[in-house]
Amino acid sequence: MRRTRISERMKKLQDLFPNMDKQTNTADMLDLAVDYIKDLQKQVQTLTDKKAKCSCTSKQLQYSNGAT
């Protein structure tokens with residue numbers, strides 16, 4: 001029963017990540033998933049930093065309308 005649940009969840013995980021081969025073993029799959037999530041976190045941080053430095057018109061309009 002435990003192995004079946006783990007197998008089902010690994011298949012779900014496999015479906016979430018691009019370029020994940022069906023033949024990838026569990027340890028490699030988890031390594032790929034961790035690397036992918038770390039990359040996504042870096043992308044989010046980069047976009048957050050860029051947004052904080054933005055001096056674009058839409059940001060100025062938000063502040064002038066009282067929105068935060």
# chains A, B, ... in the order shown; residues from 1 in each chain; ligands from 1
call {"tool": "residues_around", "arguments": {"residues": "Asn19 (chain A)", "least_positions_apart": "2", "cutoff": "12 Å", "atoms": "only C-alpha atoms", "output": "JSON, numbers by chain"}}
result
{"A": [14, 15, 16, 17, 21, 22, 23, 24, 29, 32, 33, 36]}
call {"tool": "atom_distance", "arguments": {"atom1": "CA of Leu13 (chain A)", "atom2": "CA of Leu40 (chain A)"}}
result
15.5 Å
call {"tool": "atom_distance", "arguments": {"atom1": "CA of Gln43 (chain A)", "atom2": "CA of Asp31 (chain A)"}}
result
18.5 Å
call {"tool": "select_by_dssp", "arguments": {"residues": "chain A", "states": "alpha helix (DSSP H)", "output": "number ranges by chain"}}
result
A: 2-16, 26-53, 57-64
call {"tool": "decode", "arguments": {"residues": "region 3-18 of chain A", "atoms": "all heavy atoms", "output": "short mmCIF file (atom, residue, chain, number, x, y, z; two decimals), in the first residue's frame"}}
result
data_model
loop_
_atom_site.label_atom_id
_atom_site.label_comp_id
_atom_site.auth_asym_id
_atom_site.auth_seq_id
_atom_site.Cartn_x
_atom_site.Cartn_y
_atom_site.Cartn_z
N ARG A 3 4.02 1.64 -0.98
CA ARG A 3 4.73 1.77 -2.26
C ARG A 3 3.80 2.28 -3.35
O ARG A 3 4.21 3.06 -4.20
CB ARG A 3 5.33 0.44 -2.67
CG ARG A 3 6.55 0.06 -1.89
CD ARG A 3 7.16 -1.20 -2.41
NE ARG A 3 8.30 -1.59 -1.59
CZ ARG A 3 9.10 -2.57 -1.89
NH1 ARG A 3 8.90 -3.29 -2.97
NH2 ARG A 3 10.11 -2.86 -1.11
N THR A 4 2.56 1.83 -3.33
CA THR A 4 1.59 2.29 -4.31
C THR A 4 1.35 3.78 -4.17
O THR A 4 1.32 4.51 -5.17
CB THR A 4 0.26 1.51 -4.15
OG1 THR A 4 0.53 0.12 -4.28
CG2 THR A 4 -0.74 1.94 -5.19
N ARG A 5 1.19 4.25 -2.94
CA ARG A 5 0.97 5.69 -2.71
C ARG A 5 2.17 6.50 -3.15
O ARG A 5 2.04 7.55 -3.78
CB ARG A 5 0.66 5.94 -1.22
CG ARG A 5 -0.72 5.52 -0.82
CD ARG A 5 -1.17 6.09 0.53
NE ARG A 5 -0.10 6.45 1.44
CZ ARG A 5 0.19 5.81 2.58
NH1 ARG A 5 -0.49 4.75 2.93
NH2 ARG A 5 1.17 6.23 3.35
N ILE A 6 3.36 6.02 -2.82
CA ILE A 6 4.59 6.72 -3.23
C ILE A 6 4.68 6.76 -4.75
O ILE A 6 4.97 7.81 -5.34
CB ILE A 6 5.84 6.06 -2.62
CG1 ILE A 6 5.86 6.28 -1.11
CG2 ILE A 6 7.10 6.60 -3.28
CD1 ILE A 6 6.93 5.49 -0.38
N SER A 7 4.39 5.65 -5.39
CA SER A 7 4.45 5.58 -6.84
C SER A 7 3.45 6.55 -7.49
O SER A 7 3.78 7.25 -8.46
CB SER A 7 4.16 4.15 -7.30
OG SER A 7 4.17 4.06 -8.69
N GLU A 8 2.25 6.61 -6.95
CA GLU A 8 1.23 7.53 -7.48
C GLU A 8 1.67 8.98 -7.34
O GLU A 8 1.51 9.78 -8.25
CB GLU A 8 -0.10 7.30 -6.76
CG GLU A 8 -0.79 6.02 -7.12
CD GLU A 8 -1.98 5.72 -6.23
OE1 GLU A 8 -2.25 6.48 -5.27
OE2 GLU A 8 -2.65 4.69 -6.49
N ARG A 9 2.24 9.31 -6.22
CA ARG A 9 2.69 10.69 -5.98
C ARG A 9 3.90 11.05 -6.84
O ARG A 9 4.04 12.18 -7.29
CB ARG A 9 2.95 10.89 -4.50
CG ARG A 9 1.62 11.00 -3.76
CD ARG A 9 1.79 11.11 -2.27
NE ARG A 9 0.53 11.31 -1.60
CZ ARG A 9 -0.31 10.33 -1.26
NH1 ARG A 9 -0.03 9.09 -1.58
NH2 ARG A 9 -1.42 10.58 -0.62
N MET A 10 4.75 10.08 -7.08
CA MET A 10 5.90 10.32 -7.95
C MET A 10 5.43 10.57 -9.38
O MET A 10 5.98 11.41 -10.09
CB MET A 10 6.88 9.15 -7.89
CG MET A 10 7.62 9.02 -6.57
SD MET A 10 8.48 10.51 -6.03
CE MET A 10 9.74 10.64 -7.26
N LYS A 11 4.39 9.87 -9.81
CA LYS A 11 3.83 10.10 -11.14
C LYS A 11 3.24 11.50 -11.24
O LYS A 11 3.39 12.18 -12.26
CB LYS A 11 2.77 9.04 -11.46
CG LYS A 11 3.36 7.69 -11.78
CD LYS A 11 2.27 6.67 -12.06
CE LYS A 11 2.88 5.29 -12.22
NZ LYS A 11 1.87 4.24 -12.34
N LYS A 12 2.55 11.94 -10.18
CA LYS A 12 2.00 13.30 -10.16
C LYS A 12 3.12 14.33 -10.23
O LYS A 12 3.03 15.32 -10.94
CB LYS A 12 1.15 13.52 -8.90
CG LYS A 12 -0.17 12.81 -8.92
CD LYS A 12 -0.94 13.09 -7.65
CE LYS A 12 -2.25 12.33 -7.61
NZ LYS A 12 -3.00 12.59 -6.37
N LEU A 13 4.18 14.10 -9.48
CA LEU A 13 5.33 15.00 -9.48
C LEU A 13 5.96 15.04 -10.88
O LEU A 13 6.29 16.10 -11.39
CB LEU A 13 6.36 14.54 -8.45
CG LEU A 13 7.61 15.39 -8.30
CD1 LEU A 13 7.25 16.78 -7.77
CD2 LEU A 13 8.60 14.72 -7.38
N GLN A 14 6.07 13.88 -11.48
CA GLN A 14 6.65 13.76 -12.81
C GLN A 14 5.86 14.57 -13.83
O GLN A 14 6.44 15.21 -14.71
CB GLN A 14 6.66 12.28 -13.19
CG GLN A 14 7.47 11.93 -14.39
CD GLN A 14 7.49 10.42 -14.59
OE1 GLN A 14 6.48 9.75 -14.41
NE2 GLN A 14 8.64 9.89 -14.94
N ASP A 15 4.56 14.60 -13.69
CA ASP A 15 3.70 15.35 -14.61
C ASP A 15 3.85 16.86 -14.46
O ASP A 15 3.57 17.61 -15.39
CB ASP A 15 2.23 14.96 -14.41
CG ASP A 15 1.94 13.54 -14.85
OD1 ASP A 15 2.73 12.98 -15.65
OD2 ASP A 15 0.91 12.99 -14.39
N LEU A 16 4.28 17.31 -13.31
CA LEU A 16 4.40 18.74 -13.04
C LEU A 16 5.63 19.39 -13.67
O LEU A 16 5.64 20.59 -13.89
CB LEU A 16 4.44 19.00 -11.53
CG LEU A 16 3.16 18.75 -10.76
CD1 LEU A 16 3.42 18.92 -9.27
CD2 LEU A 16 2.06 19.68 -11.23
N PHE A 17 6.65 18.60 -13.93
CA PHE A 17 7.92 19.16 -14.36
C PHE A 17 8.20 18.89 -15.82
O PHE A 17 8.03 17.78 -16.30
CB PHE A 17 9.06 18.62 -13.49
CG PHE A 17 8.95 19.08 -12.07
CD1 PHE A 17 8.35 18.29 -11.12
CD2 PHE A 17 9.42 20.32 -11.69
CE1 PHE A 17 8.22 18.72 -9.82
CE2 PHE A 17 9.30 20.76 -10.40
CZ PHE A 17 8.70 19.97 -9.46
N PRO A 18 8.66 19.93 -16.52
CA PRO A 18 8.99 19.74 -17.93
C PRO A 18 10.25 18.88 -18.09
O PRO A 18 11.10 18.84 -17.21
CB PRO A 18 9.26 21.17 -18.42
CG PRO A 18 9.64 21.93 -17.20
CD PRO A 18 8.91 21.28 -16.06
#
